[in-house]
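Data file: input_15.cif. Format and content: mmCIF, C-alpha atoms.
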data_start
loop_
_atom_site.label_atom_id
_atom_site.label_comp_id
_atom_site.auth_asym_id
_atom_site.auth_seq_id
_atom_site.Cartn_x
_atom_site.Cartn_y
_atom_site.Cartn_z
CA MET A 10 134.67 -84.49 -145.47
CA SER A 11 133.79 -88.18 -145.50
CA GLU A 12 130.20 -89.45 -145.61
CA PRO A 13 128.71 -89.91 -142.15
CA LEU A 14 128.64 -93.48 -140.93
CA LEU A 15 125.31 -92.91 -139.20
CA HIS A 16 122.87 -90.23 -140.20
CA ALA A 17 119.48 -89.45 -138.71
CA THR A 18 117.17 -86.69 -139.89
CA ASP A 19 113.98 -85.25 -138.45
CA LEU A 20 113.18 -88.19 -136.21
CA HIS A 21 109.80 -88.26 -134.49
CA LEU A 22 108.72 -90.91 -132.06
CA ALA A 23 105.89 -90.88 -129.54
CA PHE A 24 105.07 -93.35 -126.80
CA GLY A 25 101.33 -92.83 -126.46
CA PRO A 26 100.82 -89.17 -125.66
CA THR A 27 104.49 -88.65 -124.79
CA LYS A 28 106.65 -87.25 -127.58
CA ALA A 29 110.11 -88.73 -127.03
CA LEU A 30 111.60 -87.37 -130.25
CA ALA A 31 110.33 -84.27 -131.99
CA GLY A 32 112.57 -83.68 -134.99
CA ALA A 33 115.95 -84.88 -133.72
CA GLY A 34 118.83 -85.31 -136.15
CA ILE A 35 122.47 -86.29 -135.88
CA GLU A 36 125.52 -87.32 -137.90
CA VAL A 37 128.22 -89.65 -136.66
CA ARG A 38 131.40 -90.18 -138.68
CA ALA A 39 133.62 -93.23 -138.72
CA GLY A 40 135.82 -93.34 -135.63
CA GLU A 41 134.02 -90.42 -134.02
CA MET A 42 132.99 -90.38 -130.36
CA VAL A 43 129.73 -88.53 -129.81
CA ALA A 44 127.98 -87.94 -126.49
CA LEU A 45 124.23 -87.38 -126.33
CA VAL A 46 123.46 -85.30 -123.26
CA GLY A 47 120.33 -83.77 -121.78
CA SER A 48 118.08 -84.03 -118.78
CA SER A 49 115.77 -86.99 -118.08
CA GLY A 50 113.10 -87.22 -120.73
CA SER A 51 115.06 -85.15 -123.26
CA GLY A 52 115.02 -88.06 -125.71
CA LYS A 53 118.70 -88.97 -125.63
CA SER A 54 118.21 -92.69 -124.95
CA THR A 55 115.38 -92.91 -127.49
CA LEU A 56 117.63 -91.32 -130.10
CA LEU A 57 120.35 -93.86 -129.33
CA HIS A 58 117.85 -96.70 -129.66
CA CYS A 59 116.68 -95.38 -133.04
CA LEU A 60 120.27 -95.00 -134.28
CA ALA A 61 121.04 -98.56 -133.19
CA GLY A 62 117.97 -99.98 -134.93
CA ILE A 63 116.39 -101.10 -131.66
CA LEU A 64 113.46 -98.70 -132.02
CA ARG A 65 111.84 -97.63 -135.26
CA PRO A 66 110.92 -93.93 -135.47
CA ASP A 67 107.35 -92.91 -136.38
CA SER A 68 108.82 -90.67 -139.06
CA GLY A 69 112.19 -89.45 -140.23
CA GLU A 70 115.15 -91.40 -141.60
CA VAL A 71 118.11 -93.26 -140.16
CA THR A 72 120.86 -94.29 -142.56
CA TYR A 73 123.85 -96.46 -141.77
CA ARG A 74 126.72 -96.53 -144.29
CA GLY A 75 124.46 -94.81 -146.80
CA ALA A 76 121.53 -97.27 -146.59
CA ARG A 77 118.22 -96.86 -144.76
CA LEU A 78 118.23 -98.66 -141.44
CA ASP A 79 114.81 -97.72 -140.09
CA THR A 80 112.94 -99.40 -142.95
CA LEU A 81 114.72 -102.75 -142.57
CA SER A 82 112.79 -105.72 -141.23
CA GLU A 83 113.17 -106.66 -137.57
CA GLU A 84 115.28 -109.62 -138.62
CA ALA A 85 117.61 -107.55 -140.81
CA ARG A 86 118.03 -104.96 -138.07
CA SER A 87 118.78 -107.70 -135.59
CA LYS A 88 121.50 -109.07 -137.88
CA LEU A 89 122.92 -105.60 -138.37
CA ARG A 90 123.08 -105.06 -134.60
CA ARG A 91 124.84 -108.38 -134.16
CA ASP A 92 127.34 -107.92 -137.00
CA GLU A 93 128.14 -104.22 -136.88
CA PHE A 94 127.26 -102.81 -133.46
CA GLY A 95 128.35 -103.29 -129.85
CA PHE A 96 126.27 -102.35 -126.81
CA VAL A 97 126.94 -101.32 -123.22
CA PHE A 98 124.00 -100.46 -120.97
CA GLN A 99 123.70 -99.21 -117.42
CA PHE A 100 122.28 -102.42 -115.96
CA GLY A 101 121.75 -105.97 -117.00
CA SER A 102 123.96 -105.96 -120.06
CA LEU A 103 125.27 -109.38 -119.20
CA VAL A 104 123.45 -112.71 -119.35
CA PRO A 105 123.17 -113.73 -115.67
CA GLU A 106 123.39 -117.47 -116.34
CA LEU A 107 126.68 -117.21 -118.25
CA THR A 108 130.19 -116.70 -116.89
CA ALA A 109 132.19 -113.61 -117.85
CA VAL A 110 134.12 -115.47 -120.52
CA GLU A 111 130.92 -116.98 -121.96
CA ASN A 112 129.27 -113.55 -121.97
CA VAL A 113 132.17 -111.99 -123.85
CA ALA A 114 132.36 -114.92 -126.28
CA LEU A 115 128.62 -114.66 -127.00
CA PRO A 116 128.75 -112.20 -129.94
CA LEU A 117 131.40 -114.37 -131.62
CA ARG A 118 129.42 -117.54 -131.01
CA LEU A 119 126.27 -115.92 -132.44
CA ALA A 120 128.29 -115.01 -135.52
CA GLY A 121 129.18 -118.70 -135.93
CA ALA A 122 132.62 -118.92 -134.27
CA LYS A 123 133.67 -122.17 -132.62
CA ARG A 124 133.56 -122.24 -128.83
CA ARG A 125 137.28 -122.66 -128.17
CA GLY A 126 138.36 -119.86 -130.51
CA ALA A 127 135.64 -117.54 -129.25
CA GLU A 128 136.56 -118.12 -125.61
CA THR A 129 140.28 -117.63 -126.30
CA LYS A 130 139.50 -114.28 -127.84
CA ALA A 131 137.14 -113.46 -124.98
CA ARG A 132 139.90 -114.15 -122.48
CA GLU A 133 142.25 -111.82 -124.36
CA TRP A 134 139.66 -109.07 -124.05
CA LEU A 135 139.06 -109.75 -120.37
CA GLU A 136 142.80 -109.50 -119.82
CA ARG A 137 143.02 -106.30 -121.79
CA LEU A 138 140.32 -104.76 -119.60
CA GLY A 139 141.95 -106.00 -116.41
CA VAL A 140 139.19 -108.44 -115.40
CA LEU A 141 140.63 -111.81 -116.34
CA GLU A 142 140.28 -112.86 -112.70
CA VAL A 143 136.48 -112.91 -113.04
CA ALA A 144 136.54 -115.03 -116.23
CA ALA A 145 134.80 -117.98 -114.55
CA LYS A 146 132.38 -115.90 -112.46
CA ARG A 147 128.77 -115.12 -113.23
CA PRO A 148 127.56 -111.48 -113.24
CA GLY A 149 126.02 -111.85 -109.75
CA GLU A 150 129.45 -112.67 -108.34
CA MET A 151 131.20 -109.58 -109.75
CA SER A 152 131.38 -105.98 -108.54
CA GLY A 153 129.56 -103.32 -110.58
CA GLY A 154 132.85 -102.04 -112.03
CA GLN A 155 133.99 -105.53 -113.02
CA GLY A 156 130.61 -106.25 -114.62
CA GLN A 157 130.77 -103.08 -116.71
CA ARG A 158 134.30 -103.88 -117.86
CA VAL A 159 133.11 -107.32 -118.91
CA ALA A 160 130.25 -105.60 -120.75
CA VAL A 161 132.77 -103.32 -122.52
CA ALA A 162 134.79 -106.41 -123.53
CA ARG A 163 131.64 -108.01 -124.91
CA ALA A 164 130.71 -104.86 -126.82
CA LEU A 165 134.10 -104.73 -128.52
CA VAL A 166 135.09 -108.38 -128.97
CA ALA A 167 133.56 -108.80 -132.42
CA GLY A 168 135.16 -105.64 -133.80
CA PRO A 169 132.01 -103.51 -134.21
CA ARG A 170 131.98 -100.35 -136.31
CA VAL A 171 129.82 -98.56 -133.75
CA VAL A 172 129.54 -98.99 -130.00
CA PHE A 173 126.33 -97.72 -128.39
CA ALA A 174 126.71 -97.00 -124.69
CA ASP A 175 123.64 -95.95 -122.71
CA GLU A 176 124.66 -94.57 -119.29
CA PRO A 177 127.57 -97.04 -119.10
CA THR A 178 128.77 -95.52 -115.81
CA GLY A 179 125.36 -94.76 -114.33
CA ALA A 180 125.56 -97.47 -111.68
CA LEU A 181 129.22 -96.91 -110.78
CA ASP A 182 131.03 -94.60 -108.37
CA SER A 183 133.01 -91.83 -110.03
CA PHE A 184 136.36 -93.63 -109.80
CA ASN A 185 135.14 -96.89 -111.35
CA GLY A 186 133.11 -94.87 -113.84
CA GLU A 187 136.24 -93.18 -115.08
CA LEU A 188 138.11 -96.46 -115.39
CA VAL A 189 135.30 -97.90 -117.49
CA MET A 190 135.21 -94.79 -119.69
CA GLU A 191 138.96 -94.82 -120.23
CA GLU A 192 138.84 -98.46 -121.22
CA LEU A 193 135.76 -98.12 -123.40
CA MET A 194 137.03 -95.07 -125.28
CA GLY A 195 140.63 -96.32 -125.46
CA ALA A 196 139.66 -99.73 -126.83
CA ALA A 197 137.10 -98.29 -129.26
CA ARG A 198 139.64 -95.75 -130.53
CA ALA A 199 142.28 -98.44 -130.99
CA GLN A 200 139.80 -100.41 -133.13
CA GLY A 201 138.66 -97.34 -135.08
CA ALA A 202 135.07 -97.84 -133.86
CA SER A 203 132.67 -94.94 -133.47
CA VAL A 204 131.01 -94.48 -130.08
CA VAL A 205 127.56 -93.08 -129.43
CA LEU A 206 127.36 -92.41 -125.71
CA VAL A 207 124.31 -91.39 -123.68
CA THR A 208 125.00 -89.83 -120.31
CA HIS A 209 123.53 -87.28 -117.95
CA GLU A 210 126.99 -86.53 -116.55
CA THR A 211 128.95 -83.83 -118.33
CA ARG A 212 132.21 -85.18 -116.94
CA ILE A 213 131.53 -88.50 -118.68
CA ALA A 214 130.37 -86.75 -121.87
CA ALA A 215 133.70 -84.92 -121.98
CA TYR A 216 135.37 -88.22 -122.88
CA ALA A 217 133.73 -87.91 -126.30
CA ASP A 218 135.04 -85.74 -129.16
CA ARG A 219 131.77 -83.90 -129.44
CA GLU A 220 128.55 -83.52 -127.54
CA ILE A 221 125.00 -83.17 -128.77
CA VAL A 222 122.56 -81.57 -126.34
CA LEU A 223 118.95 -82.72 -126.48
CA ARG A 224 115.96 -80.90 -125.06
CA ASP A 225 112.33 -81.95 -125.52
CA GLY A 226 113.20 -84.47 -128.21
CA ARG A 227 115.22 -82.05 -130.31
CA VAL A 228 118.91 -81.32 -130.70
CA THR A 229 119.51 -77.87 -129.26
CA SER A 230 123.21 -77.39 -129.69
CA PRO A 231 125.11 -79.52 -132.14
CA MET A 232 128.43 -78.41 -130.76
CA VAL A 233 131.29 -78.92 -133.17
CA ALA A 234 134.36 -80.95 -132.31
CA LEU A 235 136.76 -78.85 -130.27
CA MET B 224 148.11 -70.53 -102.71
CA THR B 225 149.64 -69.67 -99.39
CA ILE B 226 153.25 -69.31 -100.42
CA ALA B 227 154.67 -69.01 -96.91
CA GLU B 228 153.28 -72.30 -95.62
CA THR B 229 154.03 -74.08 -98.89
CA LEU B 230 157.67 -73.00 -98.64
CA LEU B 231 157.75 -74.27 -95.05
CA GLY B 232 156.45 -77.62 -96.30
CA LEU B 233 159.07 -77.78 -99.04
CA LEU B 234 161.82 -76.84 -96.56
CA GLU B 235 160.88 -79.43 -93.98
CA PRO B 236 162.76 -82.46 -95.37
CA ALA B 237 166.12 -80.65 -95.68
CA PRO B 238 167.68 -77.14 -95.72
CA ARG B 239 167.61 -75.48 -99.16
CA HIS B 240 168.25 -72.15 -100.85
CA GLY B 241 165.69 -69.87 -102.47
CA TYR B 242 166.42 -70.76 -106.10
CA ASP B 243 165.97 -74.45 -105.37
CA LEU B 244 162.73 -73.83 -103.49
CA ARG B 245 161.28 -71.76 -106.31
CA ARG B 246 162.11 -74.47 -108.84
CA GLU B 247 160.39 -77.15 -106.79
CA TYR B 248 157.41 -74.94 -106.03
CA ASP B 249 156.85 -74.35 -109.74
CA ALA B 250 157.36 -78.01 -110.63
CA GLN B 251 154.85 -79.20 -108.05
CA PHE B 252 152.29 -76.42 -107.70
CA GLY B 253 153.04 -73.57 -110.06
CA GLU B 254 151.70 -74.95 -113.31
CA ARG B 255 149.05 -72.32 -113.83
CA ARG B 256 150.59 -69.58 -111.73
CA PRO B 257 154.34 -69.83 -111.36
CA VAL B 258 155.67 -68.01 -108.32
CA LYS B 259 157.78 -64.90 -108.95
CA PRO B 260 161.38 -64.99 -107.68
CA ALA B 261 160.83 -61.78 -105.74
CA GLN B 262 157.83 -63.36 -103.96
CA VAL B 263 159.95 -66.30 -102.85
CA TYR B 264 162.79 -64.17 -101.53
CA ALA B 265 160.48 -61.68 -99.82
CA THR B 266 158.54 -64.54 -98.19
CA LEU B 267 161.71 -66.25 -97.04
CA GLY B 268 162.82 -62.92 -95.52
CA ARG B 269 159.53 -62.64 -93.60
CA LEU B 270 159.65 -66.25 -92.44
CA ALA B 271 163.23 -65.69 -91.14
CA ARG B 272 162.16 -62.46 -89.41
CA ASP B 273 159.24 -64.29 -87.72
CA GLY B 274 161.54 -67.09 -86.55
CA ASP B 275 159.90 -69.85 -88.64
CA ILE B 276 163.12 -70.49 -90.59
CA HIS B 277 166.77 -69.60 -90.01
CA VAL B 278 169.82 -69.10 -92.20
CA VAL B 279 172.09 -72.11 -92.28
CA SER B 280 174.76 -70.79 -94.64
CA VAL B 281 175.49 -68.15 -97.25
CA GLU B 282 177.71 -69.11 -100.12
CA GLN B 283 178.79 -67.59 -103.38
CA VAL B 284 179.82 -69.90 -106.18
CA GLY B 285 180.40 -67.84 -109.32
CA GLY B 286 176.94 -66.24 -109.57
CA PRO B 287 174.84 -64.47 -106.96
CA GLU B 288 174.91 -65.21 -103.27
CA ARG B 289 172.91 -68.24 -102.19
CA THR B 290 171.36 -68.34 -98.75
CA THR B 291 170.38 -71.74 -97.43
CA TYR B 292 167.48 -71.89 -94.97
CA ALA B 293 166.17 -74.51 -92.54
CA LEU B 294 162.94 -74.86 -90.58
CA THR B 295 162.90 -73.90 -86.88
CA PRO B 296 160.66 -75.68 -84.30
CA ASP B 297 158.28 -72.68 -84.55
CA GLY B 298 158.20 -73.20 -88.31
CA VAL B 299 157.27 -76.86 -87.85
CA THR B 300 154.47 -75.85 -85.46
CA ARG B 301 153.13 -73.28 -87.95
CA LEU B 302 153.28 -75.82 -90.78
CA GLU B 303 151.47 -78.48 -88.74
CA ARG B 304 148.76 -76.05 -87.67
CA TRP B 305 148.22 -74.96 -91.26
CA LEU B 306 148.09 -78.54 -92.60
CA VAL B 307 145.16 -79.54 -90.39
CA GLU B 308 143.28 -76.24 -90.53
CA PRO B 309 140.19 -76.50 -92.78
CA GLU B 310 140.22 -74.11 -95.72
CA ALA B 311 137.42 -71.63 -96.28
CA HIS B 312 135.17 -72.30 -99.25
CA THR B 313 136.48 -70.44 -102.28
CA PRO B 314 133.87 -68.54 -104.23
CA TYR B 315 134.01 -69.69 -107.80
CA LEU B 316 133.33 -68.38 -111.22
CA GLN B 317 129.55 -68.71 -110.74
CA SER B 318 129.39 -65.38 -108.97
CA VAL B 319 130.62 -63.63 -112.13
CA ILE B 320 128.38 -65.73 -114.37
CA PHE B 321 125.51 -65.11 -111.96
CA THR B 322 126.03 -61.34 -112.29
CA LYS B 323 126.09 -61.65 -116.06
CA VAL B 324 122.87 -63.70 -116.09
CA ILE B 325 121.04 -61.18 -113.90
CA LEU B 326 122.25 -58.20 -115.93
CA ALA B 327 121.38 -59.92 -119.22
CA LEU B 328 117.85 -60.75 -118.05
CA ARG B 329 117.27 -57.30 -116.56
CA SER B 330 118.22 -55.71 -119.88
CA GLY B 331 116.15 -58.14 -121.93
CA ARG B 332 119.21 -59.74 -123.54
CA PRO B 333 119.19 -63.50 -124.21
CA ALA B 334 120.83 -65.09 -121.18
CA GLU B 335 120.73 -68.55 -122.79
CA ARG B 336 123.47 -67.49 -125.13
CA LEU B 337 125.90 -66.63 -122.38
CA LEU B 338 125.06 -69.81 -120.48
CA ASP B 339 125.60 -71.87 -123.63
CA ALA B 340 128.90 -70.13 -124.35
CA GLN B 341 130.04 -70.72 -120.78
CA ARG B 342 129.00 -74.34 -120.96
CA THR B 343 130.92 -74.84 -124.23
CA ALA B 344 134.04 -73.29 -122.71
CA HIS B 345 133.76 -75.38 -119.55
CA VAL B 346 133.22 -78.63 -121.47
CA ALA B 347 136.19 -77.82 -123.72
CA ALA B 348 138.36 -77.21 -120.65
CA MET B 349 137.13 -80.47 -119.15
CA ARG B 350 137.88 -82.39 -122.34
CA GLU B 351 141.41 -80.97 -122.41
CA LEU B 352 141.99 -82.01 -118.80
CA ILE B 353 140.72 -85.53 -119.53
CA ARG B 354 143.19 -85.71 -122.43
CA ARG B 355 145.99 -84.61 -120.16
CA LYS B 356 145.12 -87.24 -117.58
CA SER B 357 145.52 -90.07 -120.05
CA GLY B 358 148.75 -91.91 -119.19
CA ALA B 359 149.88 -89.15 -116.81
CA ASP B 360 151.39 -89.72 -113.34
CA LEU B 361 149.05 -89.77 -110.35
CA THR B 362 150.05 -86.27 -109.16
CA THR B 363 148.96 -84.84 -112.51
CA VAL B 364 145.81 -86.99 -112.60
CA LEU B 365 144.67 -85.81 -109.17
CA SER B 366 145.54 -82.20 -109.92
CA CYS B 367 143.44 -82.41 -113.13
CA ASP B 368 140.63 -84.17 -111.21
CA PHE B 369 140.45 -81.29 -108.74
CA THR B 370 139.69 -78.87 -111.57
CA ILE B 371 137.43 -81.34 -113.43
CA PHE B 372 135.17 -81.82 -110.40
CA HIS B 373 134.94 -78.05 -109.84
CA LEU B 374 134.09 -77.52 -113.50
CA GLU B 375 131.44 -80.20 -113.11
CA ALA B 376 129.87 -78.31 -110.21
CA ASP B 377 129.83 -75.12 -112.29
CA LEU B 378 128.23 -77.02 -115.17
CA ARG B 379 125.54 -78.37 -112.92
CA TRP B 380 124.74 -74.84 -111.80
CA LEU B 381 124.67 -73.67 -115.43
CA GLU B 382 122.18 -76.41 -116.30
CA HIS B 383 119.96 -75.63 -113.31
CA THR B 384 119.98 -71.97 -114.21
CA ALA B 385 119.35 -72.60 -117.91
CA ALA B 386 116.30 -74.67 -116.99
CA ARG B 387 114.88 -71.84 -114.86
CA LEU B 388 115.66 -68.77 -116.93
CA ASP B 389 112.04 -67.98 -117.77
CA LYS B 390 111.03 -68.07 -114.13
CA LEU B 391 114.03 -65.97 -113.14
CA ALA B 392 113.20 -63.40 -115.82
CA GLU B 393 109.63 -63.20 -114.49
CA GLU B 394 110.83 -62.74 -110.94
CA LEU B 395 113.25 -60.00 -111.97
CA ALA B 396 110.56 -58.23 -113.99
CA GLU B 397 108.35 -58.11 -110.89
CA GLU B 398 111.15 -56.59 -108.86
CA LEU B 399 111.93 -53.83 -111.35
#

Represent the structure from my file as structure tokens, please.
Amino acid sequence: MSEPLLHATDLHLAFGPTKALAGAGIEVRAGEMVALVGSSGSGKSTLLHCLAGILRPDSGEVTYRGARLDTLSEEARSKLRRDEFGFVFQFGSLVPELTAVENVALPLRLAGAKRRGAETKAREWLERLGVLEVAAKRPGEMSGGQGQRVAVARALVAGPRVVFADEPTGALDSFNGELVMEELMGAARAQGASVVLVTHETRIAAYADREIVLRDGRVTSPMVAL
Amino acid sequence: MTIAETLLGLLEPAPRHGYDLRREYDAQFGERRPVKPAQVYATLGRLARDGDIHVVSVEQVGGPERTTYALTPDGVTRLERWLVEPEAHTPYLQSVIFTKVILALRSGRPAERLLDAQRTAHVAAMRELIRRKSGADLTTVLSCDFTIFHLEADLRWLEHTAARLDKLAEELAEEL
């Protein structure tokens, strides 16, 4: 079996007196879709944030492509997130002042791409996700479903190796939620990207190849791929 | 599935014979439980006896005799009544799982294990249905969705129960 792309062992993290993670561990392989599930406060979002290098655990290790990620400087982690990862969150993923096309072009622009090229590519992604008609609109002028599809386009435009999605359908009705999931998983699969998905909905988790159940900051059932 | 009314629905557009009806029934509704030929012919016999359908023709081309049926006005009335009549809630799998949980707890066996196993099986079934929906026609998608949403309800119950097992065990211990 190949080396895991992401590997976390025995993660502990407390916010004041609250233990968010109490020994959680996980492996994610290249191209694998993993869902982190569990009730509110189980630690699933905190685990995602540690894996993505947004939060630094109090103890334990996170490795990405064989190298420690949790010990990197804030700047190095920020660069890693920009170059290698894509993100979709429940709310507020998009920059409100920018249009859809500018939002999607943003990761490319931050990586140094010229405006015209970045926006051409952004348009291709908007078209692929069926939201080209909102290209010139700002997030406030789009429906929730359109906004999330734009966010999916932005997460994937720069060809990330891992997409982190934290409750990507949480603010959507079930129909739009499914459309977003199909597009997110379909596009990530086509690019060979791994997906780490946090959701409290089992129906959404079932889009992943495998689910990891968290309870009280620990992984309780590392169910194998079925 | 109420075979009689379904056959009336399939017969409504045009007269057809039993073999044809069975084929369409299976194609549209019989995926998990195909209807037996004998069921179709027996049901058609009863519908004809009750005056909901009538025989249009009987022909024999090479093989067995083929009887073609058509809907009567009474049949249309029965079909229309059935279409708008609300269906009773169907008890689902939970009742069996519920029995297992109670028996496990009463005997001091670990109920978590059976809930986890059930959850794994339900999620696997859900994942398979989601795979089947991908690129499928809308009839298939909606048929899969029906099962997916029911599985989801079961899963929610499993999670609620899993979170309250200790309390349930205590309550049962008091009763015994």

Quick one: residues within 6 Å of range 157-168 of chain A, all atoms listed in the file, excluding same-chain residues fewer than 2 positions away - as a JSON list (two decimals) with C-alpha atoms, keeping the file's coordinate frame?
[["chain", "number", "residue", "atom", "x", "y", "z"],
["A", 95, "GLY", "CA", 128.35, -103.29, -129.85],
["A", 96, "PHE", "CA", 126.27, -102.35, -126.81],
["A", 97, "VAL", "CA", 126.94, -101.32, -123.22],
["A", 113, "VAL", "CA", 132.17, -111.99, -123.85],
["A", 134, "TRP", "CA", 139.66, -109.07, -124.05],
["A", 154, "GLY", "CA", 132.85, -102.04, -112.03],
["A", 155, "GLN", "CA", 133.99, -105.53, -113.02]]

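Counting all atoms listed in the file, the residue from A:Gly153, A:Gly195, A:Pro105, A:Gly226 that sits nearest to Ala33 in chain A is A:Gly226.
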
Report the residues retrieved by the PyMOL selection byres ((chain B and resi 396) around 12) from the displayed file, expressed as a ChimeraX atom specification. /B:325-326,328-331,389-395,397-399

Starting from the displayed file, determine the output of the PyMOL selection byres ((chain B) within 12 of (chain A)) and express the residue list as a ChimeraX atom specification. /B:335-336,339-340,342-358,364-365,368,370-383,385-386

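For range 246-255 of chain B, the non-local neighbours within 8 Å, defined as residues at least 5 positions apart in the same chain or in other chains and counting only C-alpha atoms, are Thr229, Leu230 and Leu233 of chain B.
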
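CA of Pro148 in chain A is positioned 16.8 Å from CA of Pro116 in chain A.
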